[in-house]
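Chemist: Just one file: final-v1.cif, with mmCIF, C-alpha atoms.
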data_my_file
loop_
_atom_site.group_PDB
_atom_site.id
_atom_site.type_symbol
_atom_site.label_atom_id
_atom_site.label_comp_id
_atom_site.auth_asym_id
_atom_site.auth_seq_id
_atom_site.Cartn_x
_atom_site.Cartn_y
_atom_site.Cartn_z
ATOM 1 C CA MET A 1 136.961 68.563 -49.512
ATOM 2 C CA GLN A 2 138.502 69.432 -46.123
ATOM 3 C CA LYS A 3 135.407 68.188 -44.351
ATOM 4 C CA ASN A 4 136.151 64.650 -45.574
ATOM 5 C CA ILE A 5 139.678 64.729 -44.163
ATOM 6 C CA PHE A 6 138.466 65.800 -40.741
ATOM 7 C CA ARG A 7 135.749 63.174 -40.787
ATOM 8 C CA TYR A 8 138.371 60.362 -41.033
ATOM 9 C CA THR A 9 140.963 61.871 -38.695
ATOM 10 C CA PRO A 10 139.610 60.152 -35.536
ATOM 11 C CA LEU A 11 139.610 56.791 -37.338
ATOM 12 C CA LEU A 12 143.193 57.216 -38.557
ATOM 13 C CA PHE A 13 144.349 58.308 -35.117
ATOM 14 C CA SER A 14 142.615 55.335 -33.511
ATOM 15 C CA LEU A 15 144.210 52.836 -35.926
ATOM 16 C CA SER A 16 147.685 54.335 -35.461
ATOM 17 C CA PHE A 17 147.350 54.332 -31.687
ATOM 18 C CA SER A 18 146.118 50.710 -31.678
ATOM 19 C CA SER A 19 149.036 49.498 -33.773
ATOM 20 C CA ILE A 20 151.502 51.105 -31.349
ATOM 21 C CA LEU A 21 149.643 49.944 -28.259
ATOM 22 C CA PHE A 22 149.232 46.337 -29.373
ATOM 23 C CA SER A 23 152.542 45.740 -31.179
ATOM 24 C CA LYS A 24 154.018 42.544 -29.755
ATOM 25 C CA ASN A 25 157.530 42.204 -28.471
ATOM 26 C CA ILE A 26 159.360 38.913 -28.721
ATOM 27 C CA THR A 27 160.424 37.497 -25.363
ATOM 28 C CA ILE A 28 163.820 35.833 -25.077
ATOM 29 C CA ASP A 29 163.484 32.798 -22.802
ATOM 30 C CA SER A 30 167.069 31.488 -22.838
ATOM 31 C CA ILE A 31 170.498 32.064 -24.370
ATOM 32 C CA ASP A 32 173.077 29.302 -24.844
ATOM 33 C CA LEU A 33 176.689 29.955 -25.905
ATOM 34 C CA LYS A 34 178.942 27.281 -27.419
ATOM 35 C CA THR A 35 182.411 27.759 -28.830
ATOM 36 C CA LYS A 36 183.848 25.660 -31.625
ATOM 37 C CA SER A 37 187.259 25.730 -33.280
ATOM 38 C CA ASN A 38 185.915 27.960 -36.070
ATOM 39 C CA GLY A 39 183.602 30.243 -34.074
ATOM 40 C CA VAL A 40 180.713 30.646 -31.662
ATOM 41 C CA ILE A 41 177.148 29.343 -31.815
ATOM 42 C CA ILE A 42 174.464 31.274 -29.947
ATOM 43 C CA THR A 43 171.118 29.538 -29.520
ATOM 44 C CA MET A 44 168.182 31.555 -28.267
ATOM 45 C CA ASN A 45 164.762 30.242 -27.317
ATOM 46 C CA ILE A 46 162.124 32.855 -28.053
ATOM 47 C CA ASP A 47 158.370 32.869 -27.506
ATOM 48 C CA SER A 48 157.535 33.556 -31.172
ATOM 49 C CA GLY A 49 159.184 33.967 -34.537
ATOM 50 C CA ILE A 50 161.316 36.994 -35.314
ATOM 51 C CA ASP A 51 161.393 38.913 -38.568
ATOM 52 C CA GLU A 52 164.756 38.709 -40.322
ATOM 53 C CA ASN A 53 164.756 42.512 -40.644
ATOM 54 C CA ASP A 54 164.558 42.864 -36.848
ATOM 55 C CA ILE A 55 167.997 41.412 -36.130
ATOM 56 C CA THR A 56 171.426 42.823 -36.880
ATOM 57 C CA ALA A 57 175.023 42.170 -35.813
ATOM 58 C CA TRP A 58 178.418 43.847 -36.151
ATOM 59 C CA GLN A 59 182.038 43.663 -35.014
ATOM 60 C CA ALA A 60 183.290 46.708 -33.106
ATOM 61 C CA ASN A 61 186.936 47.812 -33.186
ATOM 62 C CA SER A 62 187.069 47.301 -29.406
ATOM 63 C CA GLY A 63 186.965 43.496 -29.751
ATOM 64 C CA TRP A 64 183.267 43.316 -28.884
ATOM 65 C CA PHE A 65 180.734 41.713 -31.207
ATOM 66 C CA TYR A 66 177.161 42.984 -30.880
ATOM 67 C CA ILE A 67 173.829 41.428 -31.808
ATOM 68 C CA THR A 68 170.702 43.586 -31.654
ATOM 69 C CA LEU A 69 167.164 42.215 -31.734
ATOM 70 C CA TYR A 70 164.553 44.888 -32.345
ATOM 71 C CA LYS A 71 161.126 44.491 -30.728
ATOM 72 C CA ALA A 72 162.606 41.998 -28.248
ATOM 73 C CA VAL A 73 162.702 41.846 -24.456
ATOM 74 C CA GLY A 74 164.484 39.631 -21.983
ATOM 75 C CA ASP A 75 165.351 39.350 -18.308
ATOM 76 C CA VAL A 76 168.892 40.723 -18.319
ATOM 77 C CA GLN A 77 169.746 39.232 -14.902
ATOM 78 C CA GLY A 78 168.023 35.891 -15.500
ATOM 79 C CA LEU A 79 169.656 35.327 -18.897
ATOM 80 C CA LYS A 80 173.191 36.127 -17.747
ATOM 81 C CA CYS A 81 175.783 33.371 -18.091
ATOM 82 C CA GLU A 82 177.676 32.321 -14.966
ATOM 83 C CA GLY A 83 180.782 31.175 -16.826
ATOM 84 C CA PHE A 84 182.009 31.656 -20.339
ATOM 85 C CA PRO A 85 183.067 28.975 -22.786
ATOM 86 C CA PRO A 86 186.682 29.178 -23.995
ATOM 87 C CA GLY A 87 187.209 32.020 -26.469
ATOM 88 C CA ILE A 88 184.688 34.341 -24.809
ATOM 89 C CA ILE A 89 186.232 36.964 -22.512
ATOM 90 C CA ASP A 90 183.073 38.770 -21.452
ATOM 91 C CA PHE A 91 179.334 38.752 -22.085
ATOM 92 C CA GLN A 92 176.787 41.511 -21.579
ATOM 93 C CA LEU A 93 173.067 41.924 -22.095
ATOM 94 C CA ILE A 94 171.441 45.301 -22.599
ATOM 95 C CA GLN A 95 167.698 45.936 -22.597
ATOM 96 C CA GLY A 96 166.810 49.123 -24.454
ATOM 97 C CA ASP A 97 163.477 50.798 -25.017
ATOM 98 C CA GLU A 98 162.991 49.168 -28.430
ATOM 99 C CA SER A 99 165.618 46.429 -28.564
ATOM 100 C CA PHE A 100 167.612 43.775 -26.743
ATOM 101 C CA GLN A 101 171.356 43.648 -27.296
ATOM 102 C CA ILE A 102 173.942 40.934 -26.704
ATOM 103 C CA GLY A 103 177.596 41.898 -26.462
ATOM 104 C CA LEU A 104 180.384 39.333 -26.662
ATOM 105 C CA ARG A 105 184.015 40.211 -26.058
ATOM 106 C CA LEU A 106 185.937 37.563 -27.933
ATOM 107 C CA LYS A 107 189.578 36.486 -28.114
ATOM 108 C CA ARG A 108 189.366 36.392 -31.925
ATOM 109 C CA GLN A 109 187.690 38.648 -34.491
ATOM 110 C CA ILE A 110 184.504 37.493 -36.215
ATOM 111 C CA GLU A 111 184.794 37.350 -40.013
ATOM 112 C CA ASN A 112 181.162 36.624 -40.800
ATOM 113 C CA HIS A 113 177.892 35.636 -39.219
ATOM 114 C CA ASP A 114 174.500 34.287 -40.161
ATOM 115 C CA PHE A 115 171.114 33.755 -38.575
ATOM 116 C CA THR A 116 168.927 30.690 -38.890
ATOM 117 C CA PHE A 117 165.346 30.800 -37.720
ATOM 118 C CA ASP A 118 163.045 28.120 -36.481
ATOM 119 C CA GLU A 119 159.599 28.643 -35.012
ATOM 120 C CA ASN A 120 160.763 29.378 -31.452
ATOM 121 C CA MET A 121 164.520 29.200 -31.883
ATOM 122 C CA LEU A 122 167.098 31.579 -33.269
ATOM 123 C CA ASN A 123 170.612 30.321 -34.044
ATOM 124 C CA ILE A 124 173.375 32.836 -34.574
ATOM 125 C CA ASN A 125 176.569 31.438 -36.077
ATOM 126 C CA LEU A 126 179.709 33.562 -35.668
ATOM 127 C CA ARG A 127 182.774 32.507 -37.659
ATOM 128 C CA TYR A 128 186.309 33.556 -36.797
ATOM 129 C CA SER A 129 188.549 35.248 -39.330
#
Spit out the file's structure as structure tokens when you get a sec.
Modeler:
Amino acid sequence: MQKNIFRYTPLLFSLSFSSILFSKNITIDSIDLKTKSNGVIITMNIDSGIDENDITAWQANSGWFYITLYKAVGDVQGLKCEGFPPGIIDFQLIQGDESFQIGLRLKRQIENHDFTFDENMLNINLRYS
């Protein structure tokens, strides 16, 4: 019985290694910020669709609101905003090993948020409390 396990070990290793090696990251091409009276709209152009389970967001007690996209990459310097729309105090982009994070320091707290997906576009709607 153990002989059979060892016979398939190289195949299992090869498949696992291939899935890690060839897993595709999503590339963020642009980020647009717009403020409205009831919140902020973030529009991101991406090179391919993103799985709903690969994006999360939360409000920190520090006044920052964070959005994390797993399996995503972007040019932190190239995507930086030169000026901020009213209501946004600061904006930061963080590229991690496995994720890309957007931080927004806002004048008002966010009560809720939602994500809408299109083929190559991600809209993130942040609503004030």
Chemist: Evaluating the PyMOL selection byres ((chain A and resi 51) around 10) on the displayed file yields which residues, as a VMD selection string?
Modeler: chain A and resid 48 to 50 52 to 55 69 to 71 117
Chemist: For a quick check of understanding, using all atoms listed in the file, which of A:Ser129, A:Ser30, A:Ser37, A:Gln59 has the smallest distance to A:Gln77?
Modeler: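 Among the listed residues, the smallest separation from A:Gln77 belongs to A:Ser30.
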Chemist: Find the residue from A:Ile42, A:Ile26, A:Ile31, A:Ile110 that sits nearest to A:Ile124; use only C-alpha atoms when measuring.
Modeler: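 When distances to A:Ile124 are compared using only C-alpha atoms, the smallest one comes from A:Ile42.
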Chemist: Given the file shown, determine the residues that the PyMOL selection byres ((chain A and resi 90) around 12) selects; report them as an NGL selection string.
Modeler: :A and (33 or 63-66 or 80-89 or 91-93 or 102-107)
Chemist: Could you check how far atom CA of A:Ile28 sits from atom CA of A:Asn61, in Å to one decimal?
Modeler: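 That distance, rounded to one decimal, is 27.3 Å.
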Chemist: In Å to one decimal, how far is atom CA of A:Asp29 from atom CA of A:Gly78?
Modeler: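 Separation between atom CA of A:Gly78 and atom CA of A:Asp29: 9.1 Å.
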Chemist: Point out the residue among A:Ile94, A:Ile67, A:Leu126, A:Ala57 with the least atom-to-atom distance to A:Lys36, counting only C-alpha atoms.
Modeler: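 Answer, going by the shortest atom-to-atom distance: A:Leu126.
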Chemist: Give me the result of the PyMOL selection byres ((chain A and resi 74) around 8) on this file, residue by residue, as a VMD selection string.
Modeler: chain A and resid 27 to 29 72 to 73 75 to 76 79 95 100
Chemist: Let me make sure I understand: among A:Gln109, A:Arg127, A:Thr35, A:Asn120, which one has the smallest atom-to-atom distance to A:Ala60 if we use only C-alpha atoms?
Modeler: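 With only C-alpha atoms as the atom set, the closest residue is A:Gln109.
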Chemist: Which value, in Å to one decimal, gives the distance between atom CA of A:Thr68 and atom CA of A:Thr56?
Modeler: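 Atom-to-atom, atom CA of A:Thr68 and atom CA of A:Thr56 are spaced 5.3 Å apart.
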Chemist: Pick the closest to A:His113 from A:Asn25, A:Trp58, A:Ser99, A:Asp47: which is it, counting all atoms listed in the file?
Modeler: A:Trp58
Chemist: From the options A:Met121, A:Lys24, A:Glu111, A:Thr116, which residue's atoms come nearest to A:Gly39, counting all atoms listed in the file?
Modeler: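 Counting all atoms listed in the file, the residue closest to A:Gly39 is A:Glu111.
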Chemist: For stretch 40-58 of chain A, take all atoms listed in the file, fit an axis-aligned box around them, add 5 Å to each of the six sides, then output centre and edge lengths in Å rounded to one decimal, as lines of an AutoDock Vina configuration file.
Modeler:
center_x = 169.1
center_y = 36.6
center_z = -34.0
size_x = 33.2
size_y = 24.5
size_z = 23.3
Chemist: Using all atoms listed in the file, find all polymer residues with an atom at most 6 Å away from the point (172.5, 28.7, -30.5); report them as a PyMOL selection string.
Modeler: chain A and resi 32+41-44+123-124
Chemist: Any chance you could turn stretch 71-83 of chain A into a file with all heavy atoms, as a short mmCIF file (atom, residue, chain, number, x, y, z; two decimals), in the first residue's frame?
Modeler:
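To be explicit, this is the file written out as out15.cif:
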data_model
loop_
_atom_site.label_atom_id
_atom_site.label_comp_id
_atom_site.auth_asym_id
_atom_site.auth_seq_id
_atom_site.Cartn_x
_atom_site.Cartn_y
_atom_site.Cartn_z
N LYS A 71 -4.00 38.84 -3.90
CA LYS A 71 -3.55 38.42 -5.23
C LYS A 71 -3.57 39.59 -6.22
O LYS A 71 -3.92 39.43 -7.38
CB LYS A 71 -4.39 37.27 -5.77
CG LYS A 71 -4.42 36.04 -4.90
CD LYS A 71 -5.33 35.01 -5.50
CE LYS A 71 -5.74 33.99 -4.48
NZ LYS A 71 -6.87 33.20 -4.89
N ALA A 72 -3.23 40.78 -5.74
CA ALA A 72 -3.23 41.97 -6.59
C ALA A 72 -1.89 42.70 -6.46
O ALA A 72 -1.27 42.68 -5.40
CB ALA A 72 -4.37 42.90 -6.21
N VAL A 73 -1.48 43.33 -7.56
CA VAL A 73 -0.26 44.12 -7.58
C VAL A 73 -0.54 45.44 -8.27
O VAL A 73 -1.44 45.55 -9.10
CB VAL A 73 0.91 43.38 -8.30
CG1 VAL A 73 1.31 42.14 -7.55
CG2 VAL A 73 0.55 43.05 -9.73
N GLY A 74 0.26 46.43 -7.92
CA GLY A 74 0.13 47.74 -8.54
C GLY A 74 1.39 48.56 -8.32
O GLY A 74 2.15 48.31 -7.38
N ASP A 75 1.60 49.52 -9.18
CA ASP A 75 2.75 50.43 -9.07
C ASP A 75 2.40 51.50 -8.04
O ASP A 75 1.68 52.45 -8.34
CB ASP A 75 3.03 51.05 -10.44
CG ASP A 75 4.17 52.05 -10.42
OD1 ASP A 75 4.82 52.22 -9.37
OD2 ASP A 75 4.41 52.67 -11.47
N VAL A 76 2.92 51.34 -6.84
CA VAL A 76 2.58 52.23 -5.73
C VAL A 76 2.88 53.70 -6.08
O VAL A 76 2.07 54.59 -5.81
CB VAL A 76 3.33 51.80 -4.45
CG1 VAL A 76 3.14 52.80 -3.34
CG2 VAL A 76 2.86 50.42 -4.02
N GLN A 77 4.01 53.97 -6.70
CA GLN A 77 4.35 55.36 -7.05
C GLN A 77 3.51 55.87 -8.23
O GLN A 77 3.07 57.01 -8.23
CB GLN A 77 5.84 55.46 -7.38
CG GLN A 77 6.75 55.22 -6.20
CD GLN A 77 6.47 56.16 -5.04
OE1 GLN A 77 6.28 57.35 -5.22
NE2 GLN A 77 6.42 55.61 -3.84
N GLY A 78 3.28 55.04 -9.21
CA GLY A 78 2.52 55.45 -10.39
C GLY A 78 1.04 55.65 -10.14
O GLY A 78 0.38 56.41 -10.84
N LEU A 79 0.49 54.97 -9.14
CA LEU A 79 -0.94 55.06 -8.84
C LEU A 79 -1.27 56.13 -7.81
O LEU A 79 -2.43 56.40 -7.55
CB LEU A 79 -1.46 53.71 -8.33
CG LEU A 79 -1.47 52.57 -9.34
CD1 LEU A 79 -1.78 51.25 -8.65
CD2 LEU A 79 -2.47 52.85 -10.45
N LYS A 80 -0.25 56.75 -7.23
CA LYS A 80 -0.46 57.75 -6.19
C LYS A 80 -1.20 58.97 -6.72
O LYS A 80 -0.94 59.44 -7.83
CB LYS A 80 0.88 58.19 -5.63
CG LYS A 80 0.94 58.11 -4.15
CD LYS A 80 2.32 58.41 -3.64
CE LYS A 80 2.39 57.85 -2.25
NZ LYS A 80 3.67 57.94 -1.68
N CYS A 81 -2.10 59.50 -5.92
CA CYS A 81 -2.84 60.71 -6.29
C CYS A 81 -2.02 61.94 -5.93
O CYS A 81 -1.38 61.98 -4.89
CB CYS A 81 -4.17 60.76 -5.55
SG CYS A 81 -5.31 59.46 -5.97
N GLU A 82 -2.08 62.94 -6.78
CA GLU A 82 -1.34 64.19 -6.53
C GLU A 82 -2.11 65.11 -5.58
O GLU A 82 -1.54 65.86 -4.84
CB GLU A 82 -1.04 64.91 -7.84
CG GLU A 82 0.05 64.23 -8.64
CD GLU A 82 1.36 64.14 -7.88
OE1 GLU A 82 1.75 65.10 -7.21
OE2 GLU A 82 1.99 63.07 -7.93
N GLY A 83 -3.39 65.11 -5.66
CA GLY A 83 -4.23 65.92 -4.77
C GLY A 83 -5.39 65.06 -4.32
O GLY A 83 -5.67 64.03 -4.92
#
